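upload_32.pdb (PDB, C-alpha atoms, pLDDT in the B column) appears below.
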ATOM      1  CA  MET G 129      15.418  -2.785  18.565  1.00 94.00           C
ATOM      2  CA  THR G 130      12.670  -0.176  18.617  1.00 96.00           C
ATOM      3  CA  TYR G 131       9.542  -0.362  16.479  1.00 95.00           C
ATOM      4  CA  LEU G 132      10.699   2.731  14.597  1.00 96.00           C
ATOM      5  CA  VAL G 133      13.950   1.017  13.569  1.00 96.00           C
ATOM      6  CA  LEU G 134      11.998  -2.089  12.576  1.00 96.00           C
ATOM      7  CA  ASN G 135       9.666   0.050  10.445  1.00 96.00           C
ATOM      8  CA  ILE G 136      12.621   1.736   8.731  1.00 96.00           C
ATOM      9  CA  ILE G 137      14.195  -1.650   7.951  1.00 97.00           C
ATOM     10  CA  PHE G 138      10.965  -2.792   6.290  1.00 96.00           C
ATOM     11  CA  PHE G 139      10.297   0.496   4.499  1.00 97.00           C
ATOM     12  CA  VAL G 140      13.641   0.585   2.658  1.00 98.00           C
ATOM     13  CA  PRO G 141      12.802  -2.409   0.406  1.00 98.00           C
ATOM     14  CA  ILE G 142       9.155  -1.312   0.127  1.00 98.00           C
ATOM     15  CA  LEU G 143      10.184   2.088  -1.203  1.00 98.00           C
ATOM     16  CA  ALA G 144      12.789   0.515  -3.515  1.00 98.00           C
ATOM     17  CA  ILE G 145      10.169  -1.815  -5.028  1.00 98.00           C
ATOM     18  CA  ALA G 146       7.684   1.051  -5.352  1.00 97.00           C
ATOM     19  CA  ALA G 147      10.296   3.206  -7.099  1.00 98.00           C
ATOM     20  CA  TRP G 148      11.127   0.355  -9.468  1.00 98.00           C
ATOM     21  CA  ALA G 149       7.435  -0.131 -10.307  1.00 97.00           C
ATOM     22  CA  TYR G 150       6.988   3.604 -10.806  1.00 96.00           C
ATOM     23  CA  ARG G 151       9.962   3.794 -13.178  1.00 97.00           C
ATOM     24  CA  THR G 152       9.166   0.687 -15.189  1.00 95.00           C
ATOM     25  CA  ARG G 153       5.398   0.174 -14.988  1.00 95.00           C
ATOM     26  CA  ARG G 154       3.970   3.581 -14.098  1.00 93.00           C
ATOM     27  CA  ARG G 155       0.912   3.193 -16.325  1.00 93.00           C
ATOM     28  CA  GLN G 156      -0.086  -0.029 -14.576  1.00 93.00           C
ATOM     29  CA  LEU G 157      -0.146   1.492 -11.124  1.00 95.00           C
ATOM     30  CA  PRO G 158      -3.461   2.613  -9.664  1.00 95.00           C
ATOM     31  CA  SER G 159      -4.177   6.319  -9.454  1.00 95.00           C
ATOM     32  CA  ARG G 160      -2.956   8.303  -6.469  1.00 94.00           C
ATOM     33  CA  ARG G 161      -6.578   8.999  -5.611  1.00 97.00           C
ATOM     34  CA  ALA G 162      -7.405   5.271  -5.468  1.00 96.00           C
ATOM     35  CA  VAL G 163      -4.385   4.568  -3.272  1.00 96.00           C
ATOM     36  CA  GLY G 164      -5.245   7.549  -1.051  1.00 96.00           C
ATOM     37  CA  ILE G 165      -8.838   6.446  -0.529  1.00 98.00           C
ATOM     38  CA  THR G 166      -7.686   2.904   0.200  1.00 97.00           C
ATOM     39  CA  LEU G 167      -5.121   4.215   2.656  1.00 97.00           C
ATOM     40  CA  ILE G 168      -7.687   6.314   4.526  1.00 98.00           C
ATOM     41  CA  VAL G 169     -10.111   3.386   4.823  1.00 98.00           C
ATOM     42  CA  LEU G 170      -7.398   0.971   5.950  1.00 98.00           C
ATOM     43  CA  LEU G 171      -5.909   3.437   8.448  1.00 98.00           C
ATOM     44  CA  ALA G 172      -9.357   3.929   9.988  1.00 98.00           C
ATOM     45  CA  ALA G 173      -9.859   0.164  10.229  1.00 98.00           C
ATOM     46  CA  THR G 174      -6.375  -0.243  11.698  1.00 97.00           C
ATOM     47  CA  ALA G 175      -7.099   2.421  14.314  1.00 98.00           C
ATOM     48  CA  VAL G 176     -10.308   0.708  15.380  1.00 98.00           C
ATOM     49  CA  PHE G 177      -8.977  -2.836  15.500  1.00 97.00           C
ATOM     50  CA  ASP G 178      -5.606  -1.968  17.052  1.00 97.00           C
ATOM     51  CA  ASN G 179      -7.301  -0.020  19.815  1.00 97.00           C
ATOM     52  CA  VAL G 180      -9.701  -2.893  20.480  1.00 98.00           C
ATOM     53  CA  LEU G 181      -6.858  -5.440  20.593  1.00 97.00           C
ATOM     54  CA  ILE G 182      -4.807  -3.260  22.918  1.00 97.00           C
ATOM     55  CA  GLY G 183      -7.828  -2.292  25.021  1.00 97.00           C
ATOM     56  CA  ILE G 184      -8.838  -5.879  25.759  1.00 98.00           C
ATOM     57  CA  GLY G 185      -5.249  -6.885  26.463  1.00 97.00           C
ATOM     58  CA  ILE G 186      -4.482  -9.181  23.522  1.00 97.00           C
ATOM     59  CA  VAL G 187      -1.588  -6.966  22.383  1.00 95.00           C
ATOM     60  CA  ASP G 188       0.648  -4.672  24.377  1.00 93.00           C
ATOM     61  CA  TYR G 189       3.740  -2.627  23.579  1.00 94.00           C
ATOM     62  CA  ASN G 190       6.844  -2.066  25.670  1.00 95.00           C
ATOM     63  CA  PRO G 191       6.848   1.701  26.322  1.00 95.00           C
ATOM     64  CA  ASP G 192      10.649   1.743  26.003  1.00 96.00           C
ATOM     65  CA  LEU G 193      10.428   0.519  22.384  1.00 96.00           C
ATOM     66  CA  ILE G 194       7.857   2.978  21.012  1.00 96.00           C
ATOM     67  CA  LEU G 195       8.059   6.710  20.345  1.00 96.00           C
ATOM     68  CA  GLY G 196       5.263   7.396  22.794  1.00 94.00           C
ATOM     69  CA  VAL G 197       2.956   9.013  20.249  1.00 96.00           C
ATOM     70  CA  ARG G 198      -0.352   7.180  20.308  1.00 96.00           C
ATOM     71  CA  LEU G 199      -3.655   7.372  18.517  1.00 96.00           C
ATOM     72  CA  ALA G 200      -5.862   6.536  21.498  1.00 96.00           C
ATOM     73  CA  LEU G 201      -4.133   3.322  22.685  1.00 97.00           C
ATOM     74  CA  ALA G 202      -2.323   2.381  19.466  1.00 97.00           C
ATOM     75  CA  PRO G 203       1.287   3.511  19.015  1.00 97.00           C
ATOM     76  CA  ILE G 204       1.853   5.488  15.846  1.00 96.00           C
ATOM     77  CA  GLU G 205       4.468   2.965  14.658  1.00 95.00           C
ATOM     78  CA  ASP G 206       1.741   0.341  14.330  1.00 94.00           C
ATOM     79  CA  PHE G 207       0.199   2.253  11.415  1.00 97.00           C
ATOM     80  CA  ALA G 208       3.359   1.860   9.332  1.00 96.00           C
ATOM     81  CA  TYR G 209       2.332  -1.667   8.352  1.00 95.00           C
ATOM     82  CA  THR G 210      -0.850  -0.344   6.772  1.00 97.00           C
ATOM     83  CA  VAL G 211       1.012   2.403   4.918  1.00 98.00           C
ATOM     84  CA  GLY G 212       3.619  -0.114   3.761  1.00 98.00           C
ATOM     85  CA  ALA G 213       0.952  -2.469   2.428  1.00 97.00           C
ATOM     86  CA  CYS G 214      -0.758   0.353   0.516  1.00 97.00           C
ATOM     87  CA  ILE G 215       2.554   1.178  -1.161  1.00 97.00           C
ATOM     88  CA  LEU G 216       3.910  -2.330  -1.699  1.00 97.00           C
ATOM     89  CA  LEU G 217       0.896  -4.282  -2.960  1.00 97.00           C
ATOM     90  CA  PRO G 218       0.039  -2.072  -5.966  1.00 96.00           C
ATOM     91  CA  ALA G 219       3.739  -1.977  -6.885  1.00 97.00           C
ATOM     92  CA  LEU G 220       4.028  -5.757  -6.775  1.00 96.00           C
ATOM     93  CA  TRP G 221       0.820  -6.107  -8.788  1.00 95.00           C
ATOM     94  CA  ALA G 222       2.202  -3.815 -11.483  1.00 95.00           C
ATOM     95  CA  LEU G 223       5.456  -5.778 -11.591  1.00 95.00           C
ATOM     96  CA  ILE G 224       3.834  -9.181 -12.180  1.00 92.00           C
ATOM     97  CA  PRO G 225       5.448 -10.591 -15.332  1.00 88.00           C
ATOM     98  CA  GLY G 226       3.215 -10.938 -18.350  1.00 79.00           C
ATOM     99  CA  ARG G 227       0.779  -8.213 -17.406  1.00 68.00           C
ATOM    100  CA  THR G 228       0.226  -5.739 -20.209  1.00 65.00           C
ATOM    101  CA  ASP G 229      -0.302  -2.049 -19.971  1.00 59.00           C
ATOM    102  CA  ARG G 230      -4.002  -1.343 -19.442  1.00 55.00           C
ATOM    103  CA  HIS G 231      -3.939   1.053 -22.412  1.00 52.00           C
ATOM    104  CA  GLU G 232      -2.261  -1.524 -24.648  1.00 55.00           C
ATOM    105  CA  ALA G 233      -4.770  -4.205 -23.651  1.00 52.00           C
ATOM    106  CA  GLU G 234      -7.723  -2.198 -24.945  1.00 56.00           C
ATOM    107  CA  PRO G 235      -8.506  -2.800 -28.606  1.00 57.00           C
ATOM    108  CA  PRO G 236      -8.321   0.313 -30.762  1.00 55.00           C
ATOM    109  CA  PRO G 237     -11.677   1.877 -31.586  1.00 59.00           C
ATOM    110  CA  SER G 238     -13.130   0.768 -34.866  1.00 61.00           C
ATOM    111  CA  THR G 239     -13.389   3.541 -37.419  1.00 58.00           C
ATOM    112  CA  ALA G 240     -14.804   1.457 -40.241  1.00 54.00           C
ATOM    113  CA  ALA G 241     -18.567   1.516 -40.695  1.00 54.00           C
ATOM    114  CA  SER G 242     -20.251  -1.770 -40.045  1.00 53.00           C
ATOM    115  CA  THR G 243     -21.678  -3.302 -43.178  1.00 56.00           C
ATOM    116  CA  THR G 244     -24.309  -5.844 -42.423  1.00 57.00           C
ATOM    117  CA  THR G 245     -26.604  -7.295 -44.987  1.00 56.00           C
ATOM    118  CA  PRO G 246     -30.161  -8.256 -44.155  1.00 55.00           C
TER     119      PRO G 246
END
When written as structure tokens, how does the structure in this file appear?
Amino acid sequence: MTYLVLNIIFFVPILAIAAWAYRTRRRQLPSRRAVGITLIVLLAATAVFDNVLIGIGIVDYNPDLILGVRLALAPIEDFAYTVGACILLPALWALIPGRTDRHEAEPPPSTAASTTTP
């Protein structure tokens, strides 16, 4: 089994859970901007650490099982785990039972004037 096939097998349930969270708990999901910034930071960290691990020989990949596209030493398939985590974790967080909508959790603004006596 190639790493691409393995990534596809893992991404099917990730995308299903994310779609479910989007349909049922959309307002509890973080903004696209927040997820995008997180993804950029984590992809950069993944690139650095994967290349270090491969460069010093701790991890290696069978060339017959990867696409051959690499970012320095790291195969492109290795970044799928980071992308999957950035999609799955916010979706799971939104789906935690008992969590209320962030807009519902805020008390309504008070319109009555405060009457305090000295």
Checklist entry - Applied to the shown file, which residues does the PyMOL selection byres ((chain G and resi 149) around 12) return, written as JSON, numbers by chain? => result {"G": [142, 143, 144, 145, 146, 147, 148, 150, 151, 152, 153, 154, 155, 156, 157, 158, 215, 216, 217, 218, 219, 220, 221, 222, 223, 224, 225]}
Next on the checklist: If I take atom CA of Val187 of chain G and atom CA of Val163 of chain G, how far is one from the other in Å, to one decimal?
Outcome noted: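 Taking atom CA of Val187 of chain G and atom CA of Val163 of chain G, their separation equals 28.3 Å.
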12 Å contact set for Glu205 of chain G, all atoms listed in the file, chain neighbours under 2 positions out, as a PDB file with C-alpha atoms, in the coordinates of the input:
ATOM      1  CA  THR G 130      12.670  -0.176  18.617  1.00 96.00           C
ATOM      2  CA  TYR G 131       9.542  -0.362  16.479  1.00 95.00           C
ATOM      3  CA  LEU G 132      10.699   2.731  14.597  1.00 96.00           C
ATOM      4  CA  VAL G 133      13.950   1.017  13.569  1.00 96.00           C
ATOM      5  CA  LEU G 134      11.998  -2.089  12.576  1.00 96.00           C
ATOM      6  CA  ASN G 135       9.666   0.050  10.445  1.00 96.00           C
ATOM      7  CA  ILE G 136      12.621   1.736   8.731  1.00 96.00           C
ATOM      8  CA  PHE G 139      10.297   0.496   4.499  1.00 97.00           C
ATOM      9  CA  THR G 174      -6.375  -0.243  11.698  1.00 97.00           C
ATOM     10  CA  ALA G 175      -7.099   2.421  14.314  1.00 98.00           C
ATOM     11  CA  ASP G 178      -5.606  -1.968  17.052  1.00 97.00           C
ATOM     12  CA  TYR G 189       3.740  -2.627  23.579  1.00 94.00           C
ATOM     13  CA  PRO G 191       6.848   1.701  26.322  1.00 95.00           C
ATOM     14  CA  LEU G 193      10.428   0.519  22.384  1.00 96.00           C
ATOM     15  CA  ILE G 194       7.857   2.978  21.012  1.00 96.00           C
ATOM     16  CA  LEU G 195       8.059   6.710  20.345  1.00 96.00           C
ATOM     17  CA  GLY G 196       5.263   7.396  22.794  1.00 94.00           C
ATOM     18  CA  VAL G 197       2.956   9.013  20.249  1.00 96.00           C
ATOM     19  CA  ARG G 198      -0.352   7.180  20.308  1.00 96.00           C
ATOM     20  CA  LEU G 199      -3.655   7.372  18.517  1.00 96.00           C
ATOM     21  CA  LEU G 201      -4.133   3.322  22.685  1.00 97.00           C
ATOM     22  CA  ALA G 202      -2.323   2.381  19.466  1.00 97.00           C
ATOM     23  CA  PRO G 203       1.287   3.511  19.015  1.00 97.00           C
ATOM     24  CA  PHE G 207       0.199   2.253  11.415  1.00 97.00           C
ATOM     25  CA  ALA G 208       3.359   1.860   9.332  1.00 96.00           C
ATOM     26  CA  TYR G 209       2.332  -1.667   8.352  1.00 95.00           C
ATOM     27  CA  THR G 210      -0.850  -0.344   6.772  1.00 97.00           C
ATOM     28  CA  VAL G 211       1.012   2.403   4.918  1.00 98.00           C
ATOM     29  CA  GLY G 212       3.619  -0.114   3.761  1.00 98.00           C
TER      30      GLY G 212
END
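Candidate residues G:Ala200, G:Ala162, G:Cys214, G:Leu171 were compared for distance to Gly183 of chain G, and the nearest is G:Ala200, using all atoms listed in the file.
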Item to check | Two-atom distance - atom CA of Val169 of chain G, atom CA of Ile204 of chain G (Å) | outcome: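 Result for atom CA of Val169 of chain G versus atom CA of Ile204 of chain G: 16.4 Å, one decimal.
Picture a line from atom CA of Ile137 of chain G to atom CA of Leu170 of chain G; it runs 21.8 Å.
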